[in-house]
Each structure stands twice: as C-alpha cells, then as structure tokens.
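Asker: Structure file start16.cif, mmCIF, C-alpha atoms, is pasted below:
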data_upload
loop_
_atom_site.label_atom_id
_atom_site.label_comp_id
_atom_site.auth_asym_id
_atom_site.auth_seq_id
_atom_site.Cartn_x
_atom_site.Cartn_y
_atom_site.Cartn_z
CA VAL A 1 0.00 0.00 0.00
CA LEU A 2 1.51 3.28 -1.11
CA PRO A 3 -0.08 6.48 0.25
CA PHE A 4 0.86 10.02 -0.72
CA PRO A 5 2.94 11.16 2.27
CA ALA A 6 0.39 13.42 3.95
CA GLN A 7 -1.92 12.74 6.90
CA GLY A 8 -5.15 12.95 4.92
CA HIS A 9 -3.82 10.23 2.61
CA VAL A 10 -2.16 7.95 5.15
CA ILE A 11 -5.19 7.58 7.45
CA PRO A 12 -7.69 6.26 4.85
CA LEU A 13 -5.14 3.87 3.37
CA MET A 14 -4.25 2.59 6.83
CA ALA A 15 -7.96 1.96 7.45
CA LEU A 16 -8.11 -0.01 4.19
CA SER A 17 -4.98 -1.93 5.20
CA ARG A 18 -6.57 -2.88 8.52
CA LYS A 19 -9.62 -4.21 6.67
CA LEU A 20 -7.42 -6.24 4.34
CA THR A 21 -5.66 -7.89 7.29
CA GLU A 22 -9.05 -8.87 8.71
CA HIS A 23 -9.41 -11.01 5.58
CA GLY A 24 -6.01 -12.64 5.98
CA ILE A 25 -4.13 -10.42 3.53
CA ALA A 26 -0.61 -9.39 4.57
CA VAL A 27 0.11 -5.71 3.90
CA ASP A 28 3.37 -3.84 3.40
CA PHE A 29 2.56 -0.20 4.17
CA VAL A 30 5.20 2.02 2.58
CA ASN A 31 5.94 5.47 4.01
CA THR A 32 8.59 8.01 3.22
CA GLU A 33 11.46 8.11 5.72
CA PHE A 34 10.41 11.67 6.62
CA ASN A 35 6.93 10.51 7.72
CA HIS A 36 7.73 7.03 9.01
CA ASP A 37 8.61 7.81 12.65
CA ARG A 38 5.77 10.32 12.96
CA ILE A 39 3.27 7.73 11.72
CA LEU A 40 4.61 5.06 14.07
CA GLU A 41 4.37 7.48 17.02
CA ALA A 42 0.80 8.43 16.10
CA MET A 43 -0.20 4.79 15.74
CA ALA A 44 1.30 3.97 19.13
CA GLU A 45 -1.00 6.59 20.68
CA VAL A 46 -4.17 5.09 19.17
CA GLY A 47 -3.25 1.43 19.36
CA ALA A 48 -0.72 -1.03 18.09
CA ILE A 49 -0.07 -1.69 14.43
CA PRO A 50 -2.32 -4.62 13.57
CA ASP A 51 -0.82 -8.03 12.93
CA GLY A 52 -0.38 -8.48 9.24
CA ILE A 53 0.79 -4.91 8.50
CA ARG A 54 4.49 -4.42 7.99
CA MET A 55 5.55 -0.77 8.14
CA LEU A 56 8.31 0.10 5.67
CA SER A 57 10.00 3.34 4.64
CA ILE A 58 11.95 4.64 1.68
CA PRO A 59 13.56 8.03 0.94
CA ASP A 60 11.41 10.73 -0.63
CA GLY A 61 14.21 12.49 -2.51
CA LEU A 62 14.44 15.58 -0.33
CA GLY A 63 17.47 16.25 1.82
CA PRO A 64 17.47 17.07 5.53
CA GLY A 65 17.54 20.81 4.83
CA ASP A 66 14.85 20.72 2.12
CA ASP A 67 11.40 22.11 2.83
CA HIS A 68 8.78 19.35 2.70
CA ALA A 69 6.13 22.08 2.49
CA ASP A 70 7.46 23.02 -0.99
CA ILE A 71 4.88 20.81 -2.66
CA GLY A 72 6.09 21.55 -6.19
CA LYS A 73 9.62 20.32 -5.49
CA PHE A 74 8.34 17.46 -3.37
CA VAL A 75 5.95 16.12 -6.02
CA LYS A 76 8.64 16.46 -8.70
CA ASP A 77 11.33 14.63 -6.68
CA LEU A 78 9.13 11.89 -5.25
CA PRO A 79 8.89 9.62 -8.34
CA VAL A 80 12.59 9.98 -9.11
CA ALA A 81 13.60 9.01 -5.58
CA MET A 82 11.05 6.27 -4.98
CA SER A 83 10.51 4.45 -8.30
CA GLY A 84 13.59 2.23 -8.21
CA ARG A 85 13.13 1.28 -4.59
CA ILE A 86 9.45 0.49 -5.07
CA GLU A 87 10.22 -1.69 -8.07
CA GLU A 88 12.96 -3.53 -6.15
CA MET A 89 10.64 -3.97 -3.13
CA ILE A 90 7.95 -5.52 -5.35
CA ARG A 91 10.37 -7.87 -7.12
CA SER A 92 12.36 -8.98 -4.06
CA ASN A 93 9.28 -9.62 -1.92
CA LYS A 94 7.26 -11.15 -4.77
CA ILE A 95 4.43 -8.72 -4.13
CA LYS A 96 1.37 -9.59 -6.21
CA TRP A 97 -0.78 -6.46 -5.72
CA VAL A 98 -0.01 -2.80 -5.12
CA ILE A 99 -2.65 -0.32 -3.96
CA VAL A 100 -1.60 3.19 -4.92
CA ASP A 101 -2.99 6.50 -3.70
CA VAL A 102 -4.36 8.33 -6.76
CA SER A 103 -2.00 11.18 -5.89
CA MET A 104 0.88 8.74 -6.48
CA SER A 105 -0.42 7.60 -9.89
CA TRP A 106 3.12 7.49 -11.32
CA ALA A 107 3.65 4.38 -9.15
CA LEU A 108 1.01 2.43 -11.08
CA GLN A 109 3.40 2.00 -14.02
CA VAL A 110 6.29 1.17 -11.69
CA ALA A 111 4.28 -1.59 -10.03
CA THR A 112 3.02 -2.96 -13.35
CA THR A 113 6.55 -3.02 -14.76
CA ALA A 114 7.69 -4.95 -11.67
CA GLY A 115 5.01 -7.57 -12.33
CA ALA A 116 2.37 -6.61 -9.77
CA ARG A 117 -1.29 -6.01 -10.41
CA VAL A 118 -2.44 -2.56 -9.37
CA ALA A 119 -5.40 -0.77 -7.86
CA SER A 120 -5.81 2.96 -7.40
CA PHE A 121 -7.41 4.30 -4.22
CA SER A 122 -8.95 7.74 -3.92
CA THR A 123 -8.42 9.39 -0.56
CA TYR A 124 -10.50 12.42 -1.42
CA SER A 125 -14.20 13.07 -1.88
CA ALA A 126 -16.26 12.33 -4.96
CA ALA A 127 -16.61 16.09 -5.56
CA VAL A 128 -12.84 16.57 -5.67
CA PHE A 129 -12.49 13.50 -7.89
CA ALA A 130 -15.08 14.93 -10.31
CA LEU A 131 -13.25 18.25 -10.35
CA ARG A 132 -9.89 16.61 -11.08
CA VAL A 133 -11.33 14.49 -13.86
CA ASN A 134 -12.93 17.55 -15.43
CA LEU A 135 -9.99 19.97 -15.13
CA PRO A 136 -9.07 19.67 -18.84
CA LYS A 137 -12.67 20.52 -19.81
CA LEU A 138 -12.77 23.49 -17.41
CA ILE A 139 -9.56 24.82 -18.99
CA GLU A 140 -10.85 24.14 -22.50
CA ASP A 141 -14.09 25.98 -21.74
CA GLY A 142 -12.18 28.96 -20.32
CA VAL A 143 -13.48 28.57 -16.76
CA LEU A 144 -9.88 28.08 -15.56
CA ASP A 145 -6.60 29.20 -17.09
CA GLU A 146 -3.65 26.82 -17.63
CA SER A 147 -2.43 27.52 -14.08
CA GLY A 148 -5.79 26.66 -12.52
CA ASN A 149 -6.83 30.25 -11.82
CA VAL A 150 -10.50 31.13 -12.22
CA ASN A 151 -11.27 33.13 -15.40
CA ARG A 152 -15.04 33.27 -15.10
CA HIS A 153 -16.87 33.79 -11.85
CA LYS A 154 -20.06 32.04 -12.89
CA ARG A 155 -21.88 29.01 -11.67
CA ILE A 156 -20.84 25.93 -13.63
CA GLN A 157 -22.47 22.57 -14.10
CA MET A 158 -20.58 19.40 -14.95
#
Spell out the structure here as structure tokens.

Answerer:
Amino acid sequence: VLPFPAQGHVIPLMALSRKLTEHGIAVDFVNTEFNHDRILEAMAEVGAIPDGIRMLSIPDGLGPGDDHADIGKFVKDLPVAMSGRIEEMIRSNKIKWVIVDVSMSWALQVATTAGARVASFSTYSAAVFALRVNLPKLIEDGVLDESGNVNRHKRIQM
C-alpha cells in the first residue's frame, strides 16, 4: 500500500490496510522516511499496528535541509527518488498487488513493470475526484486558465 505522504492520505489507506488484514491479507505499508517515525508514534497513541501490517519506509528524494512544504519540489522529486526502490521492493518480496494512492499515480506503471497487479485508491471526496477528472474541460471551456486560476466567476455545471 503506497499512500501520498500526507496525513489525509495515510489515514484512509491505513484503514483499508486494517480491513485487508481482517481477511487474511498481509500488507506492506510504505511510508517516506520523513513521515515514518511520525506515523509510528501516532499509531502507538491510538493502538498497536495490527498483525499483518508491515511498516516500511523509503527516501522521498528531499534532503534534511529541504522544505517538505514546498509541494512543487516534493511532487517532482518523489517519483525519481522512490521508483527504483518500489520496483525492487515488489520484485524482491514477490508482491502480487499494489494499492496506490491516486496522488501517487506514477507508481502504477512502476508496479506494473515490476510484475504486480495494481489498484488505485482515492483518498478524497467524490466532488474533488469529479473536479480533477474535469480539469481539462474546465480549462478548454475557459473557466480556468492553464495555471488553474478562475477566469469566469459564474456558476458551472458538470
């Protein structure tokens, strides 16, 4: 299970992982090194990590002095830093399935290339999903510019 490294993404995928273990499925839950200890500490406060979930971490590509709040740099560096390690993890552990946060969609191809089947998991609401799917149309229709800024302040219907 590969969440985008942010709290609102980790929590729903951890809930899914817990459900999978209830059905006898072993889960490797992969965090970035930056988030790993914080997640383990938070889980210790609310209860132990369930049997069947193995917590793993890999580097996210940012150095100790880099700002993890710089989302542009973070999103750009994440696939470069993580792709090789994810592929190696899948191959060496003979992982059959990978569940990827939709915000980590680049990992779908990595997992497929490594021989795993993939599923994408949306951690955000149906409204946000509909908006993301329709962004090209909103730009095409002139509602948004290429940078995502609003051009027309009118009610829209999708």

Asker: Show me the residues around (10.2, -1.5, -7.0) - criterion: an atom at most 10 Å away, only C-alpha atoms counted - as a PyMOL selection string.

Answerer: chain A and resi 82-93+95+107+110-116

Asker: So, counting all atoms listed in the file, which residue among A:Gly142, A:Pro136, A:Pro5, A:Pro50 is closest to Ser17 of chain A?

Answerer: A:Pro50

Asker: Determine the nearest neighbour of Val75 of chain A from the options A:Met55, A:Met104, A:Met14, A:Ala127, counting all atoms listed in the file.

Answerer: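 Closest to Val75 of chain A of all the choices is A:Met104.
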
Asker: Using the chain letters and numbers from the file, give me the residues hit by the PyMOL selection byres ((chain A and resi 120) around 9), as a ChimeraX atom specification.

Answerer: /A:98-102,104-105,108,118-119,121-122

Asker: So, with only C-alpha atoms as the atoms that count, which of A:His23, A:Trp97, A:Ile58, A:Ala42 lies closest to Val1 of chain A?

Answerer: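 Checking each of A:His23, A:Trp97, A:Ile58, A:Ala42 against Val1 of chain A, counting only C-alpha atoms, the winner is A:Trp97.
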
Asker: Report, in Å to a single decimal, how far apart atom CA of Gly72 of chain A and atom CA of Pro12 of chain A are.

Answerer: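 If I compute the distance from atom CA of Pro12 of chain A to atom CA of Gly72 of chain A, I get 23.4 Å.
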
Asker: Leaving out Thr123 of chain A and any residue of its chain fewer than 5 positions from it, which residues lie within 9 Å of it when counting only C-alpha atoms, given as a list in words?

Answerer: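 Neighbouring residues, sequence-local ones excluded: Pro3, Gly8, His9, Val10, Ile11, Pro12, Leu13, Asp101, Val102 and Ser103 of chain A.
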
Asker: What separation in Å, quoted to one decimal, exists between atom CA of Pro64 of chain A and atom CA of Val27 of chain A?

Answerer: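 Going from atom CA of Pro64 of chain A over to atom CA of Val27 of chain A covers 28.7 Å.
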
Asker: Could you check how far atom CA of Ile25 of chain A sits from atom CA of Gln109 of chain A, in Å to one decimal?

Answerer: 22.8 Å

Asker: Go through A:Asp141, A:Met43, A:Pro59, A:Glu33 one by one, measure the shortest atom-to-atom distance of each to Ala15 of chain A using all atoms listed in the file, and give the residue with the smallest value.

Answerer: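 Of A:Asp141, A:Met43, A:Pro59, A:Glu33, the one nearest Ala15 of chain A, counting all atoms listed in the file, is A:Met43.
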
Asker: Name the residues that the PyMOL selection byres ((chain A and resi 54) around 9) pulls out of this structure, and write them as a ChimeraX atom specification.

Answerer: /A:26-30,49-53,55-56

Asker: Might you pull out every residue within 12 Å of Leu144 of chain A, with only C-alpha atoms counted and same-chain residues fewer than 6 positions away left off, and present them as a list in words?

Answerer: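 Using only C-alpha atoms, the neighbours found are Leu131, Asn134, Leu135, Pro136, Lys137, Leu138, Val150, Asn151, Arg152, His153, Lys154 and Ile156 of chain A.
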